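K.L.:
What follows is a structure written as structure tokens; I'll ask about it next.
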Amino acid sequence: MRRLRTTLALVIAALLVAVPSALASVTDQIIKDARDGHINGTYTTAQLQAALNSPLLKTYGGDGGVEAVRSALGDQTSSSGAGTLPFTGFETGTFIVLGFSLIVVGFVLRRSGRPDAQA
């Protein structure tokens, strides 16, 4: 049982490290792509909006980085249909994983901290 708890704690710790870095990698790709002033890759509107809201684009995007992302957003938004909501920047997946991880860690700590009742 102790080995299971240790393994579970290690898996949760790995998830807490891996999820934010995986979500940030798309923004990093967009920033690298925008350095020359043109977006050559295919990205969703939400990914481009997240990159545009990132302070890293202004810092590392080069001279035309922000303009390239705005231009790519302009191309995509003109072809999108009505009835779509704008991207707010709220990364729901990250908070769901974080909340679930905290619940599991709390459960494991509660179970490991309480001695079993003996007859």
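To be explicit about the labels: the chains of the structure tokens are called A, B, and onward in the order shown, and within each one the residues are counted from 1, while ligands get numbers from 1 in the order they are shown.
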Can you tell me, as a VMD selection string, what residues are no more than 10 Å from Thr42 in chain A when counting only C-alpha atoms, ignoring any on the same chain fewer than 4 positions away?
P.N.:
chain A and resid 30 47 to 48 72
K.L.:
Which one of A:Phe95, A:Val69, A:Gly41, A:Arg5 sits closest to Asn53 in chain A if you count only C-alpha atoms?
P.N.:
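Among A:Phe95, A:Val69, A:Gly41, A:Arg5, it is A:Val69 that comes nearest to Asn53 in chain A.
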K.L.:
Near Thr7 in chain A, within 12 Å and counting only C-alpha atoms, which residues show up once chain neighbours fewer than 6 positions away are dropped, as a list in words?
P.N.:
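Non-adjacent residues within range: Met1, Ala13, Ala14, Val105 and Val108 of chain A.
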